[in-house]
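> The structure file my_file08.tsv (TSV, C-alpha atoms) is provided below.
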```tsv
chain	number	residue	atom	x	y	z
E	1	MET	CA	-24.69	-14.41	8.52
E	2	PRO	CA	-23.45	-10.79	8.50
E	3	GLY	CA	-22.15	-9.13	5.36
E	4	PRO	CA	-18.50	-8.18	4.91
E	5	THR	CA	-17.23	-5.33	7.07
E	6	SER	CA	-15.25	-2.44	5.62
E	7	ALA	CA	-12.09	-4.17	6.83
E	8	GLN	CA	-13.08	-7.42	5.09
E	9	ALA	CA	-14.05	-5.61	1.87
E	10	PRO	CA	-12.00	-2.39	1.94
E	11	PHE	CA	-12.92	-1.41	-1.61
E	12	GLY	CA	-16.52	-2.58	-1.52
E	13	VAL	CA	-17.97	-5.89	-2.64
E	14	MET	CA	-18.99	-5.37	-6.28
E	15	LEU	CA	-16.36	-3.87	-8.57
E	16	THR	CA	-15.74	-4.09	-12.30
E	17	ALA	CA	-12.48	-3.74	-14.17
E	18	MET	CA	-13.81	-1.14	-16.59
E	19	ILE	CA	-13.10	-1.02	-20.31
E	20	THR	CA	-11.68	2.14	-21.82
E	21	PRO	CA	-14.11	3.51	-24.41
E	22	PHE	CA	-12.45	4.63	-27.64
E	23	ASN	CA	-13.71	6.85	-30.43
E	24	ALA	CA	-14.04	5.46	-33.95
E	25	ASP	CA	-10.55	6.70	-34.77
E	26	GLY	CA	-9.07	4.82	-31.81
E	27	SER	CA	-8.58	7.84	-29.56
E	28	VAL	CA	-9.68	7.73	-25.93
E	29	ASP	CA	-13.32	8.72	-25.40
E	30	LEU	CA	-13.21	10.58	-22.08
E	31	ASP	CA	-16.88	11.55	-22.17
E	32	GLY	CA	-17.70	7.92	-22.84
E	33	ALA	CA	-15.57	6.80	-19.91
E	34	ALA	CA	-17.42	9.18	-17.60
E	35	ALA	CA	-20.80	8.07	-18.94
E	36	LEU	CA	-20.01	4.37	-18.65
E	37	ALA	CA	-18.69	4.78	-15.11
E	38	THR	CA	-21.88	6.63	-14.18
E	39	HIS	CA	-24.01	3.85	-15.65
E	40	LEU	CA	-22.10	1.15	-13.77
E	41	VAL	CA	-22.31	2.95	-10.44
E	42	ASP	CA	-25.81	4.44	-10.65
E	43	THR	CA	-27.63	1.74	-12.63
E	44	LEU	CA	-25.71	-1.49	-12.00
E	45	ALA	CA	-25.03	-1.17	-8.27
E	46	HIS	CA	-21.24	-0.97	-8.34
E	47	ASP	CA	-19.33	-0.19	-5.17
E	48	GLY	CA	-16.21	0.59	-7.15
E	49	LEU	CA	-14.29	0.43	-10.41
E	50	VAL	CA	-10.79	-0.55	-11.44
E	51	ILE	CA	-9.52	1.81	-14.12
E	52	ASN	CA	-6.64	1.12	-16.52
E	53	GLY	CA	-6.41	-2.58	-15.78
E	54	THR	CA	-6.13	-5.35	-18.34
E	55	THR	CA	-9.75	-4.92	-19.38
E	56	GLY	CA	-9.05	-1.19	-19.72
E	57	GLU	CA	-6.45	-2.03	-22.41
E	58	SER	CA	-3.65	-0.59	-20.31
E	59	ALA	CA	-1.08	-2.45	-22.38
E	60	THR	CA	-1.85	-0.27	-25.41
E	61	LYS	CA	-2.51	3.08	-23.72
E	62	THR	CA	-0.02	5.79	-22.89
E	63	ASP	CA	0.59	7.08	-19.38
E	64	ALA	CA	-1.08	10.34	-20.36
E	65	GLU	CA	-4.16	8.47	-21.60
E	66	ASP	CA	-4.32	6.41	-18.41
E	67	LEU	CA	-4.20	9.54	-16.30
E	68	ALA	CA	-6.86	11.30	-18.37
E	69	VAL	CA	-9.25	8.34	-18.09
E	70	LEU	CA	-8.67	8.07	-14.35
E	71	LYS	CA	-9.42	11.77	-13.86
E	72	ALA	CA	-12.56	11.57	-16.00
E	73	VAL	CA	-13.92	8.66	-13.95
E	74	LEU	CA	-13.00	10.29	-10.63
E	75	ASP	CA	-14.81	13.45	-11.68
E	76	ALA	CA	-17.87	11.45	-12.71
E	77	VAL	CA	-18.31	9.00	-9.82
E	78	GLY	CA	-15.45	9.46	-7.37
E	79	ASP	CA	-17.78	10.91	-4.77
E	80	ARG	CA	-19.88	7.73	-4.59
E	81	ALA	CA	-17.67	4.82	-5.65
E	82	THR	CA	-14.19	3.53	-4.87
E	83	ILE	CA	-11.89	4.19	-7.81
E	84	ILE	CA	-8.80	2.01	-8.04
E	85	ALA	CA	-6.07	2.78	-10.56
E	86	GLY	CA	-4.29	-0.07	-12.30
E	87	VAL	CA	-0.60	0.84	-12.15
E	88	GLY	CA	1.17	-2.49	-12.62
E	89	THR	CA	3.71	-3.08	-15.36
E	90	ASN	CA	6.75	-5.32	-15.70
E	91	ASP	CA	9.00	-2.35	-14.86
E	92	THR	CA	9.07	-1.47	-11.17
E	93	ALA	CA	10.21	2.12	-11.71
E	94	HIS	CA	7.43	2.69	-14.25
E	95	SER	CA	4.86	1.20	-11.87
E	96	VAL	CA	6.08	3.41	-9.02
E	97	ALA	CA	5.75	6.50	-11.20
E	98	SER	CA	2.25	5.46	-12.28
E	99	ALA	CA	1.22	4.93	-8.66
E	100	LYS	CA	2.44	8.39	-7.72
E	101	SER	CA	0.53	9.93	-10.63
E	102	ALA	CA	-2.64	8.06	-9.67
E	103	ALA	CA	-2.35	9.23	-6.08
E	104	ALA	CA	-1.85	12.83	-7.18
E	105	ALA	CA	-4.97	12.54	-9.35
E	106	GLY	CA	-7.05	11.46	-6.36
E	107	ALA	CA	-7.38	7.69	-6.85
E	108	HIS	CA	-8.69	5.85	-3.79
E	109	GLY	CA	-6.38	2.87	-4.23
E	110	VAL	CA	-3.95	1.22	-6.63
E	111	MET	CA	-3.71	-2.26	-8.09
E	112	ALA	CA	-0.55	-3.86	-9.45
E	113	VAL	CA	-0.29	-7.09	-11.40
E	114	THR	CA	2.59	-9.50	-11.02
E	115	PRO	CA	5.36	-8.42	-13.41
E	116	TYR	CA	4.85	-10.19	-16.74
E	117	TYR	CA	7.31	-11.41	-19.38
E	118	ASN	CA	10.35	-10.93	-17.12
E	119	ARG	CA	9.27	-13.95	-15.03
E	120	PRO	CA	10.97	-12.66	-11.88
E	121	PRO	CA	11.78	-14.95	-8.96
E	122	GLN	CA	9.54	-14.75	-5.91
E	123	GLU	CA	11.98	-12.41	-4.14
E	124	GLY	CA	11.67	-10.02	-7.09
E	125	ILE	CA	7.88	-10.13	-6.88
E	126	ILE	CA	8.00	-9.19	-3.21
E	127	ALA	CA	10.42	-6.32	-3.82
E	128	HIS	CA	8.34	-5.09	-6.78
E	129	PHE	CA	5.07	-4.94	-4.84
E	130	HIS	CA	6.65	-3.41	-1.76
E	131	ALA	CA	8.29	-0.69	-3.86
E	132	ILE	CA	4.92	0.28	-5.35
E	133	ALA	CA	3.26	0.23	-1.93
E	134	ASP	CA	6.05	2.44	-0.56
E	135	ALA	CA	5.45	5.01	-3.31
E	136	THR	CA	2.12	6.36	-2.01
E	137	ASP	CA	-0.12	6.41	1.05
E	138	LEU	CA	-2.91	4.62	-0.84
E	139	PRO	CA	-4.19	1.13	-0.04
E	140	MET	CA	-3.06	-1.40	-2.62
E	141	LEU	CA	-4.21	-4.65	-4.20
E	142	THR	CA	-1.90	-7.21	-5.68
E	143	TYR	CA	-3.18	-9.04	-8.76
E	144	ASP	CA	-2.30	-12.70	-9.27
E	145	ILE	CA	-3.08	-13.97	-12.78
E	146	PRO	CA	-0.36	-16.42	-13.85
E	147	LYS	CA	-2.07	-17.37	-17.11
E	148	ARG	CA	-1.25	-13.84	-18.31
E	149	THR	CA	1.95	-13.09	-16.42
E	150	GLY	CA	3.71	-16.44	-16.61
E	151	THR	CA	4.49	-16.38	-12.88
E	152	ALA	CA	2.22	-17.25	-9.97
E	153	ILE	CA	2.46	-15.64	-6.55
E	154	GLU	CA	3.29	-18.54	-4.24
E	155	THR	CA	1.59	-18.78	-0.84
E	156	GLU	CA	4.80	-18.11	1.09
E	157	THR	CA	5.30	-15.06	-1.11
E	158	ILE	CA	1.83	-13.63	-0.54
E	159	VAL	CA	2.39	-14.05	3.20
E	160	ARG	CA	5.50	-11.89	2.99
E	161	ILE	CA	3.91	-9.38	0.62
E	162	ALA	CA	1.02	-8.99	3.07
E	163	GLU	CA	3.41	-7.78	5.77
E	164	HIS	CA	3.35	-4.35	4.10
E	165	PRO	CA	0.75	-2.21	5.92
E	166	ARG	CA	-0.62	-0.63	2.71
E	167	ILE	CA	-1.10	-3.90	0.83
E	168	VAL	CA	-4.60	-4.76	1.99
E	169	ALA	CA	-6.08	-7.02	-0.68
E	170	ASN	CA	-5.39	-9.52	-3.44
E	171	LYS	CA	-7.24	-9.93	-6.72
E	172	ASP	CA	-7.15	-13.66	-7.38
E	173	ALA	CA	-7.44	-14.88	-10.97
E	174	LYS	CA	-5.27	-17.94	-10.42
E	175	GLY	CA	-8.16	-20.38	-10.77
E	176	ASP	CA	-6.77	-22.46	-7.89
E	177	LEU	CA	-9.11	-22.57	-4.90
E	178	ASP	CA	-6.60	-24.63	-2.89
E	179	SER	CA	-4.10	-21.79	-3.14
E	180	SER	CA	-6.82	-19.20	-2.48
E	181	GLN	CA	-7.83	-20.86	0.77
E	182	TRP	CA	-4.26	-21.02	2.02
E	183	GLY	CA	-3.72	-17.37	1.15
E	184	MET	CA	-6.84	-16.35	3.05
E	185	ALA	CA	-5.93	-18.53	6.02
E	186	ARG	CA	-2.40	-17.22	6.35
E	187	THR	CA	-2.92	-13.49	5.72
E	188	ASP	CA	-5.35	-10.74	6.64
E	189	LEU	CA	-5.70	-9.67	3.02
E	190	ALA	CA	-9.16	-9.09	1.59
E	191	TRP	CA	-9.60	-11.60	-1.22
E	192	TYR	CA	-11.28	-10.43	-4.43
E	193	CYS	CA	-12.30	-12.87	-7.13
E	194	GLY	CA	-10.85	-11.97	-10.52
E	195	ASP	CA	-12.28	-14.94	-12.41
E	196	ASP	CA	-16.03	-14.50	-12.92
E	197	ILE	CA	-16.92	-18.18	-13.11
E	198	LEU	CA	-15.59	-18.53	-9.54
E	199	ASN	CA	-17.40	-15.53	-8.02
E	200	LEU	CA	-19.75	-17.54	-5.82
E	201	PRO	CA	-17.24	-20.29	-4.90
E	202	MET	CA	-14.78	-17.58	-3.85
E	203	LEU	CA	-17.39	-15.94	-1.62
E	204	ALA	CA	-18.10	-19.34	-0.10
E	205	ILE	CA	-14.49	-19.83	1.03
E	206	GLY	CA	-14.17	-16.34	2.47
E	207	GLY	CA	-13.78	-13.92	-0.43
E	208	ALA	CA	-14.55	-10.26	0.21
E	209	GLY	CA	-16.04	-9.57	-3.19
E	210	MET	CA	-15.32	-9.55	-6.90
E	211	ILE	CA	-13.49	-7.49	-9.49
E	212	SER	CA	-15.52	-8.55	-12.46
E	213	VAL	CA	-15.69	-8.26	-16.23
E	214	VAL	CA	-19.28	-9.45	-16.66
E	215	GLY	CA	-20.21	-6.74	-14.16
E	216	HIS	CA	-20.32	-4.40	-17.15
E	217	LEU	CA	-23.63	-6.12	-18.00
E	218	VAL	CA	-24.89	-7.75	-14.79
E	219	GLY	CA	-23.26	-5.93	-11.89
E	220	ASP	CA	-26.60	-5.52	-10.14
E	221	ARG	CA	-27.21	-9.26	-10.23
E	222	LEU	CA	-23.71	-9.99	-8.95
E	223	LYS	CA	-24.28	-7.55	-6.09
E	224	ALA	CA	-27.61	-9.23	-5.32
E	225	MET	CA	-25.88	-12.62	-5.32
E	226	ALA	CA	-23.21	-11.41	-2.90
E	227	ASP	CA	-25.80	-9.77	-0.67
E	228	ALA	CA	-27.92	-12.92	-0.62
E	229	TYR	CA	-24.96	-15.07	0.29
E	230	ALA	CA	-23.90	-12.67	3.07
E	231	ALA	CA	-27.46	-12.72	4.45
E	232	GLY	CA	-27.43	-16.51	4.61
E	233	ASP	CA	-29.82	-16.96	1.67
E	234	ILE	CA	-27.63	-19.52	-0.03
E	235	GLU	CA	-30.36	-20.83	-2.33
E	236	THR	CA	-30.99	-17.41	-3.85
E	237	ALA	CA	-27.27	-16.88	-4.32
E	238	ARG	CA	-27.02	-20.23	-6.11
E	239	GLU	CA	-30.01	-19.42	-8.31
E	240	ILE	CA	-28.52	-16.10	-9.38
E	241	ASN	CA	-25.16	-17.71	-10.04
E	242	ALA	CA	-26.74	-20.45	-12.15
E	243	SER	CA	-28.64	-17.87	-14.19
E	244	LEU	CA	-25.36	-16.11	-14.95
E	245	LEU	CA	-23.46	-19.13	-16.25
E	246	PRO	CA	-24.16	-18.34	-19.93
E	247	VAL	CA	-22.83	-14.81	-19.34
E	248	TYR	CA	-19.70	-16.06	-17.59
E	249	THR	CA	-19.01	-18.35	-20.53
E	250	GLY	CA	-20.23	-16.07	-23.30
E	251	LEU	CA	-18.02	-13.06	-22.60
E	252	PHE	CA	-14.88	-15.19	-22.67
E	253	ARG	CA	-15.33	-17.23	-25.84
E	254	THR	CA	-12.54	-15.02	-27.13
E	255	GLN	CA	-10.55	-12.31	-25.35
E	256	GLY	CA	-12.82	-10.67	-22.79
E	257	VAL	CA	-12.30	-7.04	-23.79
E	258	ILE	CA	-13.34	-7.82	-27.36
E	259	LEU	CA	-16.70	-9.30	-26.41
E	260	THR	CA	-17.37	-6.87	-23.57
E	261	LYS	CA	-17.00	-3.94	-25.95
E	262	ALA	CA	-19.22	-5.71	-28.47
E	263	ALA	CA	-21.90	-6.31	-25.84
E	264	LEU	CA	-21.82	-2.72	-24.60
E	265	ALA	CA	-22.14	-1.46	-28.17
E	266	MET	CA	-25.19	-3.67	-28.62
E	267	GLN	CA	-26.71	-1.96	-25.56
E	268	GLY	CA	-25.91	1.49	-26.94
E	269	LEU	CA	-23.35	2.17	-24.22
E	270	PRO	CA	-19.89	3.72	-24.74
E	271	SER	CA	-17.38	1.17	-26.00
E	272	GLY	CA	-15.78	1.72	-29.39
E	273	PRO	CA	-13.15	-0.42	-31.09
E	274	VAL	CA	-10.31	-2.31	-29.44
E	275	ARG	CA	-6.68	-1.51	-30.15
E	276	LEU	CA	-4.31	-3.85	-31.94
E	277	PRO	CA	-3.13	-6.49	-31.34
E	278	LEU	CA	-6.73	-7.12	-30.25
E	279	VAL	CA	-9.28	-7.18	-33.04
E	280	ASP	CA	-12.98	-6.41	-32.96
E	281	ALA	CA	-15.56	-9.18	-32.73
E	282	THR	CA	-16.63	-10.81	-35.98
E	283	ASP	CA	-20.26	-11.05	-37.05
E	284	ALA	CA	-20.28	-14.73	-36.08
E	285	GLN	CA	-18.87	-13.93	-32.64
E	286	LYS	CA	-21.49	-11.22	-32.16
E	287	ALA	CA	-24.27	-13.62	-33.08
E	288	GLN	CA	-23.03	-16.16	-30.56
E	289	LEU	CA	-22.65	-13.41	-27.97
E	290	ARG	CA	-26.26	-12.31	-28.46
E	291	ALA	CA	-27.41	-15.89	-27.92
E	292	ASP	CA	-25.29	-16.27	-24.80
E	293	LEU	CA	-26.52	-13.01	-23.30
E	294	ALA	CA	-30.12	-13.89	-24.08
E	295	ALA	CA	-29.63	-17.24	-22.35
E	296	GLY	CA	-28.16	-15.37	-19.41
E	297	GLN	CA	-31.22	-13.07	-19.22
E	298	VAL	CA	-29.21	-9.91	-19.80
E	299	SER	CA	-31.33	-6.81	-20.27
E	300	GLY	CA	-31.89	-5.95	-23.93
E	301	PHE	CA	-31.20	-9.44	-25.30
E	302	THR	CA	-33.88	-11.91	-26.28
E	303	ALA	CA	-33.67	-15.42	-27.69
```
As structure tokens, what does this structure read like?


Amino acid sequence: MPGPTSAQAPFGVMLTAMITPFNADGSVDLDGAAALATHLVDTLAHDGLVINGTTGESATKTDAEDLAVLKAVLDAVGDRATIIAGVGTNDTAHSVASAKSAAAAGAHGVMAVTPYYNRPPQEGIIAHFHAIADATDLPMLTYDIPKRTGTAIETETIVRIAEHPRIVANKDAKGDLDSSQWGMARTDLAWYCGDDILNLPMLAIGGAGMISVVGHLVGDRLKAMADAYAAGDIETAREINASLLPVYTGLFRTQGVILTKAALAMQGLPSGPVRLPLVDATDAQKAQLRADLAAGQVSGFTA
């Protein structure tokens, strides 16, 4: 079984939605962002990174901070990894401006989430995504995560969205494999799993790869799983996936950014505090996290 082609996985197979490291005073740690990006790409086998997405705390960063982090990561690893800028907001004009800024900074692609809070009709979702795609020459991912946005992208809608030549992929965190299969069957979009517990099932139904959170800790194992599956070694892929179940569960016992930053700090990697309204992990949460990561055989954690 051949691995995905560049057309099937236009941004690579293994990507992580990277946190934004902060200093102790809550300011953006640009050196830390560069160092973490380098670690993910050079040590944990990442093909690419999504910067300034949900896990990057985009909701509580300024446009200037987003741009500075993007530039720092591009400078650090942009020559050997695909760097995608998260530009989606619930304001189309704001998203368009962010996409243009990301393109000017040298991003390799942009990702936009379904507009949240407004709960637009499906026609509004189509117009929103097409406006962002029209704003630059970059390839674009849509991001479907109704548990956060309040509105799902319906199959008929994704078919129409996919008519835009620069919209080439969808990050799927819907948790609905029925819908995923119909979207893959009816469009040429590359399908990226955005829900870590479904990484292997999504590959099995035709997914191109994953945009992970647990990849901060186990990206190399996720890449090995994807490679094994693509090579037809299904048993190895299943074994790797099973070994990662405690990690999939452990990083999401509370909000994922909170525990990802806690885990990175335990490894001595750049992380820092989260910004309100998120709050840092408690001692009890950290103890549970250590146990989960030990059970998941994560480097540096023992039972």

> Which one is closest to Asn170 of chain E: E:Gly232, E:Pro273, E:Gly183, E:Gly206? Count all atoms listed in the file.

E:Gly183

> Up to 9 Å from (-16.3, -11.1, -12.3) in the file's coordinates: name the residues, counting all atoms listed in the file, as an MDAnalysis selection string.

chainID E and resid 14:17 193:199 210:215 219 222 248

> From the options E:Val77, E:Gln267, E:Asp283, E:Thr249, which residue's atoms come nearest to Ala295 of chain E, counting all atoms listed in the file?

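Nearest candidate to Ala295 of chain E out of E:Val77, E:Gln267, E:Asp283, E:Thr249: E:Thr249.
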
> What is the atom CA of Thr92 of chain E-atom CA of Asp134 of chain E distance in Å, reported with one decimal?

11.7 Å

> Go ahead and compute the interatomic distance for atom CA of Ile167 of chain E and atom CA of Gly56 of chain E, in Å to one decimal.

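Taking atom CA of Ile167 of chain E and atom CA of Gly56 of chain E, their separation equals 22.2 Å.
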
> Just to confirm, what's the straight-line distance from atom CA of Pro10 of chain E to atom CA of Gln181 of chain E in Å (one decimal)?

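Going from atom CA of Pro10 of chain E over to atom CA of Gln181 of chain E, I get 19.0 Å.
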
> Counting only C-alpha atoms, which residue out of E:Val87, E:Ala226, E:Ala204, E:Ala127 sits closest to His46 of chain E?

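Smallest separation from His46 of chain E among the options: E:Ala226.
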
> So which one's closest to Asp63 of chain E, E:Met184, E:Ala97, E:Leu141, E:Ala9? Using all atoms listed in the file, please.

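Comparing E:Met184, E:Ala97, E:Leu141, E:Ala9 against Asp63 of chain E, the winner is E:Ala97.
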
> Go through E:Leu264, E:Leu67, E:Ala72, E:Leu200 one by one, measure the shortest atom-to-atom distance of each to Leu251 of chain E using all atoms listed in the file, and give the residue with the smallest value.

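Nearest to Leu251 of chain E: E:Leu264.
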
> Leu189 of chain E: which residues within 12 Å, counting only C-alpha atoms, same-chain residues fewer than 4 positions away excluded, as a PyMOL selection string?

chain E and resi 7-11+139-142+158-172+180-185+206-208

> For the point (-3.2, 9.1, -9.9) in the file's frame, write as a list in words all residues with an atom no more than 10 Å away, counting all atoms listed in the file.

Asp66, Leu67, Ala68, Leu70, Lys71, Leu74, Ile84, Ala85, Gly86, Val87, Ala97, Ser98, Ala99, Lys100, Ser101, Ala102, Ala103, Ala104, Ala105, Gly106, Ala107, His108, Gly109, Val110 and Thr136 of chain E
